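One structure is given below, encoded as structure tokens.
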Amino acid sequence: MDQAIARVARAIECAERILVISGAGLSAESGLPTYRGIGGLYNGFTEDGLPIEQVLSGPVLRSQPALCWKYLAELGRACLGAQPNAGHLAIAELQRRKPQCWVLTQNIDGFHQRAGSPEERLICIHGAMQPLYCQSCAAESETLEAALRGGLPPRCQACGGILRPPVVLFEEMLPEAALEQLYSELGKGFEVVLLVGTSASFPYIAEPVLRTRQAGGFTAEINPDLTLLSHSVDVRLAGRALDVLVNLLSHISSH
Ligand code: OAD
């Protein structure tokens with residue numbers, strides 16, 4: 001493991017353009033549930049008898065907002081009740097040391113921002129839990145925290161429409177601006193791509209890894225389990241995100 005960490009650290013040390021891709025496994029260390037695997041949110045049916053993929057979908061938010069909000073509120077409370085961990089801090093510090101290091105996250109918890117990752121080098125491809133906005137008139141509204149204190153679903157103070165978070169629900173499109181930014185940066189190329197705590201289930205997560213490898217760059221994965229990309233990366237660091245990231249950062253010079 002130590003040799004493998006040293007190899008990844010060397011690759012990062014020598015690189016300028018670096019992409020860290022994070023998933024639910026990183027925030028699992030803060031106590032948030034993952035989606036797939038042990039303890040994952042998708043391992044069964046909700047207490048309402050429907051799969052979570054159905055209740056957390058765009059169509060259900062429109063047709064049965066109270067049902068969808070019951071589960072959005074659970075996610076929201078979990079995010080508000082937890083803190084970024086040393087893994088998020090290590091990534092933000094890596095971005096400070098490497099001014100061309102970007103983060104592509106699938107997480108909606110806002111922990112990268114809270115840990116100090118700069119907004120201008122952070123792509124939140126699945127959106128975020130805040131700020132809420134009105135589905136009817138688009139007005140931005142009260143904070144998630146305030147909305148969760150009131151009755152669900154929360155309503156717009158201006159027009160009475162249903163509020164929602166700017167998160168990507170099932171059967172919804174990815175945010176255009178985030179996609180544009182991702183493909184614009186991918187076009188410039190990355191020398192190193194580091195996957196952290198993601199099952200890499202989506203093509204736009206696998207693509208940066210495969211493209212970078214094809215172009216002769218270096219790729220690595222931090223995950224205690226095997227993923228769809230485990231056999232496509234140069235180095236697999238089989239461990240918990242927090243431990244490995246802190247260890248990795250200690251091998252990378254601070255100037
Ligand atoms: P997944 O739940 O699919 O995968 C989590 C990954 O984290 C798994 O590969 C675990 O092995 C790994 N893992 C668990 N604990 C870990 C730890 N302590 N350290 C490192 N890795 C750990 O989560 P994502 O890949 O993020 O989308 O899922 C992507 C998307 O699927 C989510 O953003 C969500 C869901 O549909 C939306 O909500 C739109």
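Every chain in the structure tokens has a letter given in the order shown (A, B, ...), and although residue numbers restart at 1 in each chain, ligands are simply numbered from 1 in the order shown.
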
Would you please give, as JSON, numbers by chain, all residues of range 31-248 of chain A that DSSP assigns to strand (DSSP E) based on the backbone?
{"A": [101, 102, 103, 104, 105, 122, 123, 124, 133, 134, 163, 164, 192, 193, 194, 195, 196, 218, 219, 220, 221, 222, 235, 236, 237]}

Which polymer residues have any atom within 12 Å of an atom of Asp2 in chain A, counting only C-alpha atoms, with same-chain residues fewer than 6 positions away left out, as a ChimeraX atom specification?
/A:8-9,235-239,244,247-248,250-251

Please save C-alpha atoms of the selected residues as an mmCIF file, in the first residue's frame.
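Heads up, here's the output in again_30.cif:
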data_model
loop_
_atom_site.group_PDB
_atom_site.id
_atom_site.type_symbol
_atom_site.label_atom_id
_atom_site.label_comp_id
_atom_site.auth_asym_id
_atom_site.auth_seq_id
_atom_site.Cartn_x
_atom_site.Cartn_y
_atom_site.Cartn_z
ATOM 1 C CA VAL A 8 0.321 8.126 -6.893
ATOM 2 C CA ALA A 9 1.955 10.953 -4.907
ATOM 3 C CA VAL A 235 -3.031 2.186 -9.375
ATOM 4 C CA ARG A 236 -5.759 0.975 -7.020
ATOM 5 C CA LEU A 237 -5.521 2.179 -3.426
ATOM 6 C CA ALA A 238 -7.802 -0.225 -1.555
ATOM 7 C CA GLY A 239 -8.662 1.745 1.542
ATOM 8 C CA VAL A 244 -5.649 7.330 2.102
ATOM 9 C CA ASN A 247 -1.563 9.832 3.827
ATOM 10 C CA LEU A 248 -1.308 10.810 0.148
ATOM 11 C CA SER A 250 1.628 13.999 3.417
ATOM 12 C CA HIS A 251 3.772 12.823 0.459
#

Mind listing the alpha helix (DSSP H) residues of range 98-225 of chain A, per DSSP on the backbone, as an MDAnalysis selection string?
chainID A and resid 111:115 144:149 176:188 203:214

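Among the candidates A:Arg10, A:Lys98, A:Arg36, A:His88, the one nearest to ligand 1 when counting only C-alpha atoms and all ligand atoms is A:Arg36.
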
Would you mind listing what lies within 12 Å of Ile252 in chain A as a list in words, with only C-alpha atoms counted and same-chain residues fewer than 4 positions away left out?
Ile5, Ala6, Arg7, Val8, Ala9, Arg10, Ala11, Ile12, Glu13, Cys14, Ala15, Ala90, Ile91, Glu93, Leu94, Gln95, Arg96, Arg97, Lys98, Leu245, Val246, Asn247 and Leu248 of chain A

Just want the 9 Å neighbourhood of His112 in chain A, counted on only C-alpha atoms, with same-chain residues fewer than 6 positions away dropped. Output as a PyMOL selection string.
chain A and resi 84+88-89+91-92+103+105+118-119+122

Store the residues of this selection in a file with C-alpha atoms, as a PDB file, in the first residue's frame.
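Writing the result to part-v3.pdb gives the following:
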ATOM      1  CA  PRO A  84     -16.906  17.712   5.798  1.00  0.00           C
ATOM      2  CA  HIS A  88     -12.534  16.859   1.854  1.00  0.00           C
ATOM      3  CA  LEU A  89      -9.960  19.080   3.589  1.00  0.00           C
ATOM      4  CA  ILE A  91      -8.606  17.619  -1.456  1.00  0.00           C
ATOM      5  CA  ALA A  92      -9.058  21.368  -0.849  1.00  0.00           C
ATOM      6  CA  VAL A 103     -12.811  18.522  -8.526  1.00  0.00           C
ATOM      7  CA  THR A 105     -18.183  15.659  -7.639  1.00  0.00           C
ATOM      8  CA  PRO A 118     -12.692  26.946  -4.797  1.00  0.00           C
ATOM      9  CA  GLU A 119     -16.059  27.263  -6.614  1.00  0.00           C
ATOM     10  CA  LEU A 122     -15.470  22.586  -8.640  1.00  0.00           C
TER      11      LEU A 122
END

For ligand 1, list the contacting residues at 8 Å or closer, counting only C-alpha atoms and all ligand atoms, as a VMD selection string.
chain A and resid 22 to 29 33 to 38 40 to 41 53 105 to 108 126 to 127 167 to 170 196 to 202 222 to 227 239 to 242

Export, as a compact mmCIF listing (two decimals), in the first residue's frame, the selected residues with C-alpha atoms.
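Below is the file that was written, result_0.txt:
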# COMPACT_ATOMS: atom_id res chain seq x y z
CA SER A 22 -15.48 12.21 -5.82
CA GLY A 23 -18.51 10.13 -4.91
CA ALA A 24 -20.59 9.11 -1.95
CA GLY A 25 -17.77 7.03 -0.41
CA LEU A 26 -15.92 10.25 0.46
CA SER A 27 -18.87 11.60 2.44
CA ALA A 28 -19.55 8.16 3.97
CA GLU A 29 -16.68 9.11 6.29
CA PRO A 33 -25.14 6.92 3.42
CA THR A 34 -23.83 5.76 0.03
CA TYR A 35 -26.20 4.79 -2.79
CA ARG A 36 -24.88 1.34 -3.74
CA GLY A 37 -23.14 -1.42 -1.80
CA ILE A 38 -23.33 -2.17 1.93
CA GLY A 40 -26.55 1.88 0.42
CA LEU A 41 -29.78 3.84 -0.05
CA GLU A 53 -35.11 5.76 -7.58
CA THR A 105 -18.18 15.66 -7.64
CA GLN A 106 -21.38 13.64 -7.77
CA ASN A 107 -22.09 14.58 -4.16
CA ILE A 108 -24.87 17.03 -3.38
CA HIS A 126 -25.49 16.22 -9.81
CA GLY A 127 -26.35 19.69 -8.51
CA VAL A 167 -30.35 18.67 -7.41
CA VAL A 168 -30.50 16.24 -10.33
CA LEU A 169 -33.37 13.83 -9.65
CA PHE A 170 -33.94 10.57 -11.53
CA VAL A 196 -12.33 8.77 -4.72
CA GLY A 197 -15.22 6.78 -3.24
CA THR A 198 -17.32 6.35 -6.33
CA SER A 199 -18.75 3.23 -7.96
CA ALA A 200 -18.14 5.03 -11.30
CA SER A 201 -21.57 3.98 -12.55
CA PHE A 202 -22.04 6.77 -15.09
CA ILE A 222 -9.26 5.12 -3.81
CA ASN A 223 -11.96 2.64 -2.79
CA PRO A 224 -12.12 -0.27 -0.34
CA ASP A 225 -14.11 -2.28 -2.92
CA LEU A 226 -13.71 -3.07 -6.59
CA THR A 227 -15.57 -0.85 -9.07
CA GLY A 239 -8.66 1.74 1.54
CA ARG A 240 -10.95 4.34 3.09
CA ALA A 241 -10.94 7.75 1.46
CA LEU A 242 -10.08 9.68 4.60

Need to verify the contact set: Leu67 in chain A, 7 Å, only C-alpha atoms, exclusion of same-chain residues closer than 3 positions in sequence. Can you return it as a PDB file with C-alpha atoms, in the first residue's frame?
ATOM      1  CA  VAL A  55     -39.660   8.534  -5.227  1.00  0.00           C
ATOM      2  CA  GLN A  64     -46.639  13.751  -5.619  1.00  0.00           C
ATOM      3  CA  LYS A  70     -40.286  13.170   2.475  1.00  0.00           C
TER       4      LYS A  70
END

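Going from CA of Glu180 in chain A to CA of Leu228 in chain A covers 24.7 Å.
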
Write out as a ChimeraX atom specification the residues lying within 7 Å of Val20 in chain A, counting only C-alpha atoms and excluding same-chain residues fewer than 5 positions away.
/A:102-104,193-195

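The shortest atom-to-atom distance to Leu75 in chain A, with only C-alpha atoms taken into account, belongs to A:Leu56 out of A:Val209, A:Leu56, A:Ala158, A:Ala115.
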